[in-house]
>>> print(open('model-v7.tsv').read())   # TSV, C-alpha atoms
chain	number	residue	atom	x	y	z
A	106	LEU	CA	-28.27	-38.60	28.53
A	107	LEU	CA	-27.21	-38.16	24.92
A	108	ASN	CA	-23.90	-39.89	24.15
A	109	ILE	CA	-21.71	-37.80	21.81
A	110	ASN	CA	-18.36	-38.95	20.44
A	111	VAL	CA	-16.33	-36.01	19.10
A	112	GLY	CA	-13.05	-36.99	17.51
A	113	GLY	CA	-12.73	-40.05	19.74
A	114	LYS	CA	-13.68	-38.34	23.04
A	115	LEU	CA	-16.99	-39.18	24.72
A	116	PHE	CA	-19.32	-36.49	26.09
A	117	GLN	CA	-22.69	-36.96	27.80
A	118	ILE	CA	-25.30	-34.21	27.86
A	119	ALA	CA	-28.87	-34.36	29.19
A	120	TYR	CA	-31.68	-34.19	26.62
A	121	LYS	CA	-33.52	-31.49	28.57
A	122	VAL	CA	-30.39	-29.28	28.52
A	123	LEU	CA	-30.00	-29.63	24.76
A	124	ALA	CA	-33.70	-28.95	24.23
A	125	GLN	CA	-33.20	-25.41	25.60
A	126	TYR	CA	-31.27	-24.55	22.41
A	127	PRO	CA	-33.42	-26.04	19.62
A	128	ILE	CA	-31.72	-24.16	16.76
A	129	THR	CA	-28.29	-25.70	17.49
A	130	ARG	CA	-27.13	-28.97	15.93
A	131	LEU	CA	-27.22	-30.92	19.20
A	132	GLY	CA	-30.54	-29.32	20.13
A	133	LYS	CA	-32.06	-30.63	16.90
A	134	LEU	CA	-30.44	-34.00	17.55
A	135	ALA	CA	-32.17	-34.16	20.95
A	136	LEU	CA	-35.58	-33.04	19.64
A	137	TYR	CA	-35.80	-35.05	16.40
A	138	THR	CA	-37.63	-38.37	16.62
A	139	ASP	CA	-36.97	-39.47	13.05
A	140	PRO	CA	-33.73	-41.58	12.98
A	141	ALA	CA	-33.05	-40.57	9.36
A	142	LYS	CA	-32.99	-36.87	10.30
A	143	LYS	CA	-30.70	-37.61	13.23
A	144	LEU	CA	-28.23	-39.38	10.99
A	145	GLN	CA	-28.12	-36.31	8.74
A	146	LEU	CA	-26.89	-34.24	11.68
A	147	CYS	CA	-23.94	-36.48	12.61
A	148	ASP	CA	-21.15	-38.26	10.74
A	149	ASP	CA	-21.92	-41.74	12.07
A	150	TYR	CA	-23.96	-43.61	14.65
A	151	LEU	CA	-22.65	-46.49	16.82
A	152	VAL	CA	-25.61	-48.74	17.54
A	153	GLN	CA	-23.85	-50.92	20.17
A	154	LYS	CA	-22.87	-47.91	22.32
A	155	ASN	CA	-25.73	-45.63	21.29
A	156	GLU	CA	-23.20	-42.90	20.37
A	157	TYR	CA	-23.48	-40.19	17.78
A	158	PHE	CA	-20.07	-39.66	16.20
A	159	PHE	CA	-18.82	-36.27	14.97
A	160	ASP	CA	-15.52	-35.97	13.15
A	161	ARG	CA	-14.68	-32.54	14.61
A	162	ASP	CA	-12.01	-31.01	16.85
A	163	PRO	CA	-12.55	-32.30	20.42
A	164	SER	CA	-10.42	-29.54	21.98
A	165	ILE	CA	-12.82	-26.83	20.78
A	166	PHE	CA	-15.86	-28.95	21.60
A	167	HIS	CA	-14.91	-28.61	25.28
A	168	TYR	CA	-16.07	-24.97	25.01
A	169	ILE	CA	-19.26	-26.09	23.24
A	170	PHE	CA	-19.86	-28.65	25.99
A	171	HIS	CA	-19.33	-25.97	28.63
A	172	PHE	CA	-21.79	-23.70	26.82
A	173	TYR	CA	-24.60	-26.26	27.10
A	174	ARG	CA	-23.91	-26.74	30.80
A	175	SER	CA	-23.56	-23.07	31.78
A	176	GLY	CA	-25.22	-21.10	28.97
A	177	VAL	CA	-22.07	-19.05	28.40
A	178	LEU	CA	-19.66	-19.50	25.51
A	179	TRP	CA	-16.08	-18.98	26.69
A	180	ILE	CA	-13.39	-17.84	24.26
A	181	MET	CA	-9.69	-18.35	24.95
A	182	ASP	CA	-7.03	-16.03	23.52
A	183	GLU	CA	-4.83	-18.83	22.22
A	184	MET	CA	-7.49	-20.16	19.84
A	185	CYS	CA	-7.40	-19.39	16.14
A	186	PRO	CA	-10.35	-17.05	15.38
A	187	SER	CA	-11.06	-18.54	11.96
A	188	ASN	CA	-11.04	-22.11	13.25
A	189	PHE	CA	-13.21	-21.24	16.25
A	190	VAL	CA	-15.80	-19.42	14.13
A	191	GLU	CA	-15.90	-22.37	11.73
A	192	GLU	CA	-16.51	-24.80	14.61
A	193	ILE	CA	-19.26	-22.83	16.35
A	194	GLU	CA	-21.00	-22.29	13.01
A	195	TYR	CA	-20.95	-26.05	12.49
A	196	TRP	CA	-22.54	-26.64	15.90
A	197	GLY	CA	-25.07	-23.87	15.23
A	198	ILE	CA	-24.02	-21.67	18.16
A	199	HIS	CA	-23.98	-17.90	17.75
A	200	LEU	CA	-21.20	-15.70	19.06
A	201	LYS	CA	-23.75	-13.63	21.00
A	202	TYR	CA	-23.81	-16.32	23.72
A	203	SER	CA	-20.29	-15.30	24.78
A	204	GLN	CA	-19.49	-12.63	27.34
A	205	ARG	CA	-19.35	-9.09	25.94
A	206	CYS	CA	-15.72	-8.56	27.01
A	207	CYS	CA	-14.62	-11.82	25.39
A	208	ARG	CA	-16.65	-11.08	22.27
A	209	ILE	CA	-15.11	-7.62	21.80
A	210	LEU	CA	-11.55	-8.94	22.18
A	211	PHE	CA	-12.32	-11.88	19.90
A	212	GLU	CA	-13.76	-9.66	17.15
A	213	GLU	CA	-10.76	-7.32	17.40
A	214	LYS	CA	-8.43	-10.28	17.07
A	215	ARG	CA	-10.39	-11.60	14.09
A	216	ASP	CA	-10.27	-8.18	12.39
A	217	GLU	CA	-6.53	-7.97	13.01
A	218	LEU	CA	-6.06	-11.41	11.50
A	219	SER	CA	-8.14	-10.46	8.43
A	220	GLU	CA	-6.15	-7.26	8.00
A	221	TYR	CA	-2.89	-9.18	8.40
A	222	LEU	CA	-3.88	-11.72	5.75
A	223	LYS	CA	-5.00	-8.93	3.43
A	224	ILE	CA	-1.68	-7.09	3.79
A	225	GLU	CA	0.26	-10.32	3.28
A	226	LYS	CA	-1.62	-10.94	0.05
A	227	GLU	CA	-0.99	-7.39	-1.17
A	228	LEU	CA	2.70	-7.63	-0.26
A	229	GLU	CA	3.04	-10.81	-2.27
A	230	ALA	CA	1.25	-9.14	-5.19
A	231	GLU	CA	3.67	-6.20	-4.88
A	232	LEU	CA	6.60	-8.44	-5.80
A	233	GLU	CA	4.81	-10.61	-8.32
A	234	PRO	CA	5.12	-9.42	-11.93
A	235	LEU	CA	1.96	-8.56	-13.83
A	236	GLU	CA	2.65	-11.43	-16.18
A	237	SER	CA	4.31	-14.84	-15.99
A	238	GLY	CA	6.36	-16.82	-18.42
A	239	ALA	CA	3.50	-19.31	-18.89
A	240	GLN	CA	1.34	-16.66	-20.57
A	241	PHE	CA	3.51	-16.74	-23.70
A	242	ASP	CA	2.83	-20.40	-24.43
A	243	GLY	CA	1.11	-20.82	-27.77
A	244	LYS	CA	1.33	-17.14	-28.74
A	245	PHE	CA	3.06	-15.45	-31.66
A	246	LEU	CA	6.85	-15.56	-31.12
A	247	GLY	CA	6.14	-16.99	-27.67
A	248	GLN	CA	9.62	-18.29	-26.95
A	249	PHE	CA	11.30	-15.10	-28.11
A	250	ARG	CA	8.96	-12.87	-26.11
A	251	LYS	CA	9.40	-15.10	-23.07
A	252	MET	CA	13.18	-14.76	-23.36
A	253	VAL	CA	12.87	-10.95	-23.62
A	254	TRP	CA	10.47	-10.94	-20.67
A	255	ASN	CA	12.94	-12.86	-18.51
A	256	LEU	CA	15.71	-10.43	-19.44
A	257	ILE	CA	13.66	-7.36	-18.49
A	258	GLU	CA	11.30	-8.47	-15.72
A	259	ASN	CA	13.12	-11.31	-13.97
A	260	PRO	CA	16.62	-10.20	-12.90
A	261	TYR	CA	17.32	-13.52	-11.16
A	262	SER	CA	16.64	-15.64	-14.23
A	263	SER	CA	20.14	-15.26	-15.70
A	264	VAL	CA	23.35	-13.26	-15.52
A	265	PRO	CA	22.43	-11.03	-18.54
A	266	ALA	CA	19.11	-10.22	-16.87
A	267	LYS	CA	20.93	-9.17	-13.71
A	268	ILE	CA	23.32	-7.03	-15.77
A	269	ILE	CA	20.38	-5.28	-17.48
A	270	ALA	CA	18.79	-4.56	-14.09
A	271	VAL	CA	22.04	-3.05	-12.80
A	272	MET	CA	22.48	-1.04	-16.01
A	273	SER	CA	18.94	0.32	-15.68
A	274	SER	CA	19.68	1.69	-12.21
A	275	PHE	CA	23.08	2.95	-13.39
A	276	PHE	CA	21.61	4.91	-16.31
A	277	VAL	CA	18.96	6.43	-14.05
A	278	LEU	CA	21.67	7.74	-11.74
A	279	ILE	CA	23.76	8.96	-14.68
A	280	SER	CA	20.74	10.78	-16.10
A	281	ILE	CA	19.99	12.51	-12.79
A	282	VAL	CA	23.65	13.48	-12.33
A	283	GLY	CA	23.75	14.85	-15.89
A	284	MET	CA	20.60	16.90	-15.34
A	285	THR	CA	22.10	18.28	-12.11
A	286	LEU	CA	25.44	19.17	-13.70
A	287	SER	CA	23.72	20.91	-16.63
A	288	THR	CA	22.59	23.65	-14.23
A	289	VAL	CA	26.15	24.38	-13.02
A	290	GLU	CA	27.49	27.60	-14.49
A	291	GLU	CA	30.86	26.08	-15.42
A	292	MET	CA	29.11	23.37	-17.47
A	293	LYS	CA	27.10	25.82	-19.62
A	294	ASN	CA	29.91	26.35	-22.10
A	295	LYS	CA	29.94	24.74	-25.53
A	296	THR	CA	32.01	21.70	-24.50
A	297	GLY	CA	29.94	21.07	-21.37
A	298	LYS	CA	26.67	21.32	-23.29
A	299	MET	CA	27.94	18.88	-25.89
A	300	TRP	CA	28.90	16.33	-23.22
A	301	MET	CA	25.55	16.75	-21.45
A	302	GLU	CA	23.61	16.33	-24.70
A	303	GLN	CA	25.56	13.19	-25.61
A	304	MET	CA	25.00	11.73	-22.14
A	305	GLU	CA	21.29	12.53	-22.36
A	306	MET	CA	21.08	10.90	-25.80
A	307	ILE	CA	22.76	7.70	-24.57
A	308	CYS	CA	20.41	7.51	-21.56
A	309	ALA	CA	17.36	8.18	-23.73
A	310	ILE	CA	18.39	5.45	-26.18
A	311	PHE	CA	18.80	2.95	-23.35
A	312	PHE	CA	15.47	3.88	-21.72
A	313	THR	CA	13.71	3.70	-25.10
A	314	SER	CA	15.19	0.28	-25.81
A	315	GLU	CA	14.14	-0.92	-22.38
A	316	TYR	CA	10.59	0.38	-22.89
A	317	VAL	CA	10.31	-1.21	-26.34
A	318	MET	CA	11.54	-4.55	-24.98
A	319	ARG	CA	8.91	-4.42	-22.24
A	320	LEU	CA	6.26	-3.57	-24.79
A	321	ILE	CA	7.31	-6.47	-27.04
A	322	SER	CA	7.35	-8.95	-24.17
A	323	SER	CA	3.92	-7.89	-22.87
A	324	SER	CA	1.12	-10.38	-23.44
A	325	SER	CA	-1.59	-7.72	-22.99
A	326	PHE	CA	-1.20	-4.21	-24.36
A	327	LYS	CA	-4.02	-2.89	-22.17
A	328	ASN	CA	-2.44	-4.25	-18.96
A	329	PHE	CA	0.90	-2.88	-20.10
A	330	LEU	CA	-0.47	0.67	-20.34
A	331	ARG	CA	-2.23	0.38	-16.96
A	332	ALA	CA	0.92	-0.63	-15.07
A	333	ALA	CA	2.34	2.20	-12.95
A	334	PHE	CA	5.99	1.27	-13.58
A	335	ASN	CA	5.45	1.33	-17.35
A	336	ALA	CA	3.91	4.80	-17.07
A	337	ILE	CA	7.03	5.93	-15.19
A	338	ASP	CA	9.21	4.48	-17.96
A	339	LEU	CA	7.20	6.41	-20.56
A	340	VAL	CA	7.55	9.66	-18.59
A	341	ALA	CA	11.30	9.02	-18.40
A	342	ILE	CA	11.77	9.00	-22.19
A	343	LEU	CA	9.11	11.50	-23.35
A	344	PRO	CA	11.01	14.70	-22.39
A	345	PHE	CA	13.90	13.83	-24.73
A	346	TYR	CA	11.68	13.40	-27.80
A	347	ILE	CA	9.41	16.33	-26.94
A	348	GLN	CA	12.49	18.51	-26.62
A	349	ILE	CA	13.68	17.44	-30.08
A	350	LEU	CA	10.19	18.12	-31.47
A	351	PHE	CA	10.03	21.62	-30.00
A	352	GLU	CA	13.53	22.44	-31.19
A	353	ASN	CA	12.55	21.46	-34.74
A	354	LEU	CA	9.41	23.56	-34.50
A	355	ASP	CA	11.54	26.41	-33.27
A	356	ASP	CA	13.79	26.12	-36.35
A	357	GLY	CA	10.76	26.19	-38.66
A	358	ASP	CA	9.35	29.28	-37.00
A	359	MET	CA	12.69	31.03	-37.37
A	360	GLN	CA	12.38	30.71	-41.16
A	361	TYR	CA	8.78	31.82	-41.69
A	362	HIS	CA	7.91	34.43	-39.05
A	363	GLU	CA	8.85	38.03	-38.43
A	364	GLU	CA	11.59	39.02	-36.03
A	365	LEU	CA	9.33	40.15	-33.18
A	366	HIS	CA	7.14	37.07	-33.42
A	367	LYS	CA	10.25	34.88	-33.54
A	368	VAL	CA	11.57	36.36	-30.29
A	369	GLU	CA	8.24	35.82	-28.51
A	370	ASN	CA	8.01	32.28	-29.85
A	371	VAL	CA	11.55	31.46	-28.77
A	372	SER	CA	10.78	32.80	-25.29
A	373	LYS	CA	7.64	30.66	-25.02
A	374	LEU	CA	9.43	27.58	-26.34
A	375	GLY	CA	12.28	28.18	-23.91
A	376	LYS	CA	9.88	28.10	-20.96
A	377	VAL	CA	8.20	24.96	-22.27
A	378	LEU	CA	11.58	23.29	-22.83
A	379	LYS	CA	12.65	24.12	-19.29
A	380	LEU	CA	9.49	22.52	-17.97
A	381	ILE	CA	10.01	19.45	-20.16
A	382	LYS	CA	13.63	19.12	-19.06
A	383	LEU	CA	12.47	19.33	-15.46
A	384	MET	CA	10.27	16.26	-16.07
A	385	ARG	CA	13.46	14.21	-16.28
A	386	ILE	CA	13.61	14.28	-12.49
A	387	PHE	CA	10.83	11.66	-12.51
A	388	ARG	CA	13.35	9.17	-13.85
A	389	ILE	CA	14.48	8.61	-10.30
A	390	LEU	CA	11.15	6.82	-9.74
A	391	LYS	CA	12.46	4.06	-12.03
A	392	LEU	CA	14.66	2.98	-9.14
A	393	ALA	CA	11.52	1.75	-7.37
A	394	ARG	CA	11.44	-1.16	-9.84
A	395	HIS	CA	14.65	-2.53	-8.31
A	396	SER	CA	14.49	-0.99	-4.82
A	397	THR	CA	12.68	-2.80	-2.02
A	398	GLY	CA	12.90	0.28	0.21
A	399	LEU	CA	11.06	2.51	-2.28
A	400	ARG	CA	8.42	-0.16	-2.78
A	401	ALA	CA	7.98	-0.46	0.98
A	402	PHE	CA	7.62	3.33	1.26
A	403	SER	CA	5.01	3.43	-1.51
A	404	PHE	CA	3.16	0.49	0.05
A	405	THR	CA	3.21	2.21	3.47
A	406	MET	CA	1.70	5.39	2.01
A	407	ARG	CA	-1.05	3.38	0.34
A	408	GLN	CA	-1.88	1.43	3.49
A	409	CYS	CA	-1.70	4.47	5.81
A	410	TYR	CA	-3.51	6.97	3.63
A	411	GLN	CA	-6.15	7.47	6.34
A	412	GLN	CA	-3.52	8.40	8.94
A	413	VAL	CA	-1.77	10.68	6.44
A	414	CYS	CA	-5.03	12.42	5.50
A	415	CYS	CA	-5.86	12.80	9.19
A	416	LEU	CA	-2.43	14.38	9.79
A	417	LEU	CA	-2.94	16.83	6.91
A	418	LEU	CA	-6.38	17.70	8.30
A	419	PHE	CA	-4.91	18.47	11.73
A	420	ILE	CA	-2.18	20.58	10.13
A	421	ALA	CA	-4.77	22.54	8.13
A	422	MET	CA	-6.84	23.10	11.28
A	423	GLY	CA	-3.76	24.26	13.16
A	424	VAL	CA	-2.72	26.62	10.37
A	425	PHE	CA	-6.15	28.28	10.22
A	426	THR	CA	-6.52	28.46	14.01
A	427	PHE	CA	-3.10	29.89	14.90
A	428	SER	CA	-2.97	32.22	11.91
A	429	ALA	CA	-6.26	33.75	13.10
A	430	LEU	CA	-4.96	34.04	16.67
A	431	ILE	CA	-1.63	35.61	15.70
A	432	HIS	CA	-3.37	38.09	13.39
A	433	SER	CA	-5.81	39.16	16.13
A	434	VAL	CA	-2.97	40.02	18.55
A	435	GLU	CA	-0.39	41.36	16.06
A	436	HIS	CA	-2.32	43.28	13.39
A	437	ASP	CA	-2.14	46.62	15.33
A	438	VAL	CA	1.67	46.52	15.68
A	439	PRO	CA	3.36	49.08	13.34
A	440	GLY	CA	5.26	47.41	10.47
A	441	THR	CA	3.90	43.94	11.27
A	442	ASP	CA	3.95	41.18	8.68
A	443	PHE	CA	0.65	39.78	9.97
A	444	THR	CA	-1.52	42.21	8.03
A	445	SER	CA	-4.14	39.55	7.29
A	446	ILE	CA	-4.96	35.95	8.15
A	447	PRO	CA	-3.75	34.63	4.75
A	448	CYS	CA	-0.43	36.43	5.32
A	449	ALA	CA	-0.11	34.56	8.64
A	450	TRP	CA	-0.64	31.14	7.03
A	451	TRP	CA	3.04	30.81	6.12
A	452	TRP	CA	4.15	31.61	9.68
A	453	ALA	CA	1.65	29.10	11.14
A	454	ALA	CA	2.72	26.36	8.71
A	455	VAL	CA	6.42	26.90	9.44
A	456	SER	CA	5.84	26.99	13.19
A	457	LEU	CA	3.67	23.85	13.20
A	458	SER	CA	6.36	21.97	11.30
A	459	THR	CA	8.92	23.20	13.92
A	460	VAL	CA	11.17	24.45	11.10
A	461	GLY	CA	11.14	28.08	12.20
A	462	TYR	CA	12.76	30.10	9.40
A	463	GLY	CA	12.52	33.31	11.43
A	464	ASP	CA	11.47	35.42	8.44
A	465	THR	CA	8.20	36.32	10.20
A	466	VAL	CA	8.10	36.63	14.00
A	467	PRO	CA	5.63	38.08	16.51
A	468	ASP	CA	6.63	41.27	18.36
A	469	THR	CA	4.23	41.35	21.30
A	470	ILE	CA	4.34	39.20	24.42
A	471	LEU	CA	0.86	37.86	23.71
A	472	GLY	CA	1.94	37.02	20.15
A	473	ARG	CA	4.95	35.09	21.46
A	474	MET	CA	2.67	33.14	23.80
A	475	VAL	CA	0.50	32.20	20.81
A	476	ALA	CA	3.68	31.18	18.95
A	477	PHE	CA	4.77	28.99	21.89
A	478	VAL	CA	1.40	27.21	21.94
A	479	CYS	CA	1.58	26.77	18.15
A	480	ILE	CA	5.07	25.23	18.30
A	481	SER	CA	4.07	22.94	21.20
A	482	PHE	CA	1.02	21.77	19.28
A	483	GLY	CA	3.23	21.13	16.23
A	484	ILE	CA	5.63	18.97	18.26
A	485	ILE	CA	2.76	16.85	19.62
A	486	LEU	CA	1.09	16.68	16.21
A	487	ASN	CA	4.24	15.54	14.41
A	488	GLY	CA	5.12	13.01	17.10
A	489	MET	CA	1.86	11.05	16.97
A	490	PRO	CA	1.75	9.61	13.43
A	491	ILE	CA	5.49	9.41	12.77
A	492	SER	CA	5.96	6.41	15.05
A	493	ILE	CA	2.98	4.63	13.46
A	494	LEU	CA	4.25	5.24	9.93
A	495	TYR	CA	7.80	4.23	10.83
A	496	ASN	CA	6.72	1.01	12.52
A	497	LYS	CA	4.54	0.06	9.58
A	498	PHE	CA	7.31	0.92	7.12
A	499	SER	CA	9.81	-1.24	9.03
A	500	ASP	CA	7.31	-4.11	9.16
A	501	TYR	CA	6.44	-3.89	5.46
A	502	TYR	CA	10.09	-3.57	4.46
A	503	ALA	CA	11.05	-6.68	6.44
A	504	LYS	CA	8.15	-8.66	4.94
A	505	LEU	CA	8.99	-7.52	1.40
A	506	LYS	CA	12.60	-8.58	1.87
A	507	ALA	CA	11.47	-11.94	3.26
A	508	HIS	CA	9.13	-12.52	0.29
A	509	GLU	CA	11.89	-11.42	-2.07
A	510	MET	CA	14.37	-13.88	-0.56
A	511	SER	CA	11.83	-16.72	-0.64
A	512	GLN	CA	11.18	-16.08	-4.34
>>> encode(input="model-v7.tsv", output="structure tokens")
Amino acid sequence: LLNINVGGKLFQIAYKVLAQYPITRLGKLALYTDPAKKLQLCDDYLVQKNEYFFDRDPSIFHYIFHFYRSGVLWIMDEMCPSNFVEEIEYWGIHLKYSQRCCRILFEEKRDELSEYLKIEKELEAELEPLESGAQFDGKFLGQFRKMVWNLIENPYSSVPAKIIAVMSSFFVLISIVGMTLSTVEEMKNKTGKMWMEQMEMICAIFFTSEYVMRLISSSSFKNFLRAAFNAIDLVAILPFYIQILFENLDDGDMQYHEELHKVENVSKLGKVLKLIKLMRIFRILKLARHSTGLRAFSFTMRQCYQQVCCLLLFIAMGVFTFSALIHSVEHDVPGTDFTSIPCAWWWAAVSLSTVGYGDTVPDTILGRMVAFVCISFGIILNGMPISILYNKFSDYYAKLKAHEMSQ
């Protein structure tokens, strides 16, 4: 018998049993005749007791011991997958010696653990700023830039920083409200326009100041431009300056061009200005900088892009299938709206989403049966991924809040 001391517990295994597995650590220990090679395989050797000592976990070695006696590696659910894999790799035992059912469950559990650790790491990175205060040490105006960075990027560093964060969200809301009110007919008079323009100017000045402060406090200009939040900040202030630029160009054209050309130019500029003004709606994305819920939603979409793409694929398949079916049974009806398969796409999309506007409806009994199947398929289709997305969103939101509180 070979005497093995693992973490203070004694095990005895026959040499002939160990010799059946020559590639394992204990198999080599049983087959080697050179004492120097044997000592390289263990942590210590007790001459008086003729014991080979291993400073490993004795609780897991029970499963290794059972493997040598029975030839089967048992895996218990309560064991940590990473720790178990580390131990069996040390003893030179492959996972293939375990039962197939245990091996499948173990690998699934290990994959789940790896995915969990990956998501935890990404969640922590979601809340961590791109830079830290230590990066300004030894740089030009380091203390000043660090102070500006704390004011803009770290709301919990001081009371003024918290005030700036609240003001940022406040000006975003004011800007969105101003853009909404500018479309109201009663606000299109001279006084209303003046108030809206002044409000827009104040918001643009604040957003510009905020962007410049972030640019000044950035330690890397390249990383600053790559950041998604900084791109959103730039989109928030560009419409104001582009609008001023186009208005000045419009004034110049009014002086140098003929009347007909001026009218066409004003019409084109008016359409461009409307599009530029519409870009101000993206300012609401700035709230994601200070909103854990919006961050959790964005993180959920990034993590569940495969499920979302699969849902869109099923919707596209349903739209093409049911639009073809409804056209085949309805195209002979006088005055029908299903004159072609592309004309039936809208009806299929609305029916699959269970919205049902009622602007296009089938007239025949067979067409209504197709519509019933389409609506039923839409209910099943919408019900499958929604629960998955909601559960993941709730989980990510709770973890983000926990990380936020711990920071």
>>> closest_residue(input="model-v7.tsv", among="A:Ala476, A:Met284, A:Leu210, A:Leu222", to="Gln303 (chain A)", atoms="all atoms listed in the file")
A:Met284
>>> atom_distance(input="model-v7.tsv", atom1="CA of Ser458 (chain A)", atom2="CA of Ser492 (chain A)")
16.0 Å
>>> atom_distance(input="model-v7.tsv", atom1="CA of Ser263 (chain A)", atom2="CA of Ile389 (chain A)")
25.1 Å
>>> residues_around(input="model-v7.tsv", residues="region 498-512 of chain A", least_positions_apart="6", cutoff="10 Å", atoms="all atoms listed in the file", output="list of chain:residue names")
A:Ile224, A:Glu225, A:Leu228, A:Glu229, A:Glu231, A:Leu232, A:Glu233, A:Tyr261, A:Thr397, A:Gly398, A:Leu399, A:Arg400, A:Ala401, A:Phe402, A:Ser403, A:Phe404, A:Thr405, A:Met406, A:Gln408, A:Cys409, A:Ser492
>>> residues_around(input="model-v7.tsv", residues="region 163-177 of chain A", least_positions_apart="3", cutoff="9 Å", atoms="all atoms listed in the file", output="PyMOL selection string")
chain A and resi 110-114+116-118+122-123+125-126+160+180+184+189+192-193+196+198+202-204
>>> residues_around(input="model-v7.tsv", residues="Cys207 (chain A)", least_positions_apart="6", cutoff="10 Å", atoms="all atoms listed in the file", output="PyMOL selection string")
chain A and resi 178-182+200+213
>>> residues_around(input="model-v7.tsv", residues="Val277 (chain A)", least_positions_apart="6", cutoff="8 Å", atoms="all atoms listed in the file", output="list in words")
Cys308, Arg388, Ile389, Lys391 and Leu392 of chain A
>>> residues_near_point(input="model-v7.tsv", point="(-7.3, 27.1, 15.4)", cutoff="12 Å", atoms="all atoms listed in the file", output="list in words")
Leu418, Phe419, Ile420, Ala421, Met422, Gly423, Val424, Phe425, Thr426, Phe427, Ser428, Ala429, Leu430, Ile431, His432, Ile446, Trp450, Ala453, Leu457, Val475, Val478, Cys479 and Phe482 of chain A
>>> closest_residue(input="model-v7.tsv", among="A:Lys293, A:Arg208, A:Arg161, A:Asn353", to="Asp148 (chain A)", atoms="all atoms listed in the file")
A:Arg161
>>> closest_residue(input="model-v7.tsv", among="A:Tyr410, A:Phe443, A:Tyr316, A:Phe245", to="Pro490 (chain A)", atoms="all atoms listed in the file")
A:Tyr410
>>> closest_residue(input="model-v7.tsv", among="A:Asp149, A:Val282, A:Gly488, A:Lys298", to="Ile386 (chain A)", atoms="only C-alpha atoms")
A:Val282
>>> atom_distance(input="model-v7.tsv", atom1="CA of Leu278 (chain A)", atom2="CA of Met306 (chain A)")
14.4 Å
>>> residues_around(input="model-v7.tsv", residues="Thr313 (chain A)", least_positions_apart="3", cutoff="10 Å", atoms="all atoms listed in the file", output="list of chain:residue names")
A:Ile307, A:Cys308, A:Ala309, A:Ile310, A:Tyr316, A:Val317, A:Met318, A:Arg319, A:Asp338, A:Leu339, A:Ala341, A:Ile342, A:Leu343
>>> residues_near_point(input="model-v7.tsv", point="(4.3, 39.4, 11.3)", cutoff="6 Å", atoms="all atoms listed in the file", output="JSON, numbers by chain")
{"A": [441, 442, 443, 465, 466, 467]}
>>> write_last_selection(input="model-v7.tsv", atoms="C-alpha atoms", output="compact mmCIF listing (two decimals), keeping the file's coordinate frame")
# COMPACT_ATOMS: atom_id res chain seq x y z
CA THR A 441 3.90 43.94 11.27
CA ASP A 442 3.95 41.18 8.68
CA PHE A 443 0.65 39.78 9.97
CA THR A 465 8.20 36.32 10.20
CA VAL A 466 8.10 36.63 14.00
CA PRO A 467 5.63 38.08 16.51
>>> closest_residue(input="model-v7.tsv", among="A:Phe249, A:Glu217, A:Thr296, A:Met384", to="Ser280 (chain A)", atoms="all atoms listed in the file")
A:Met384
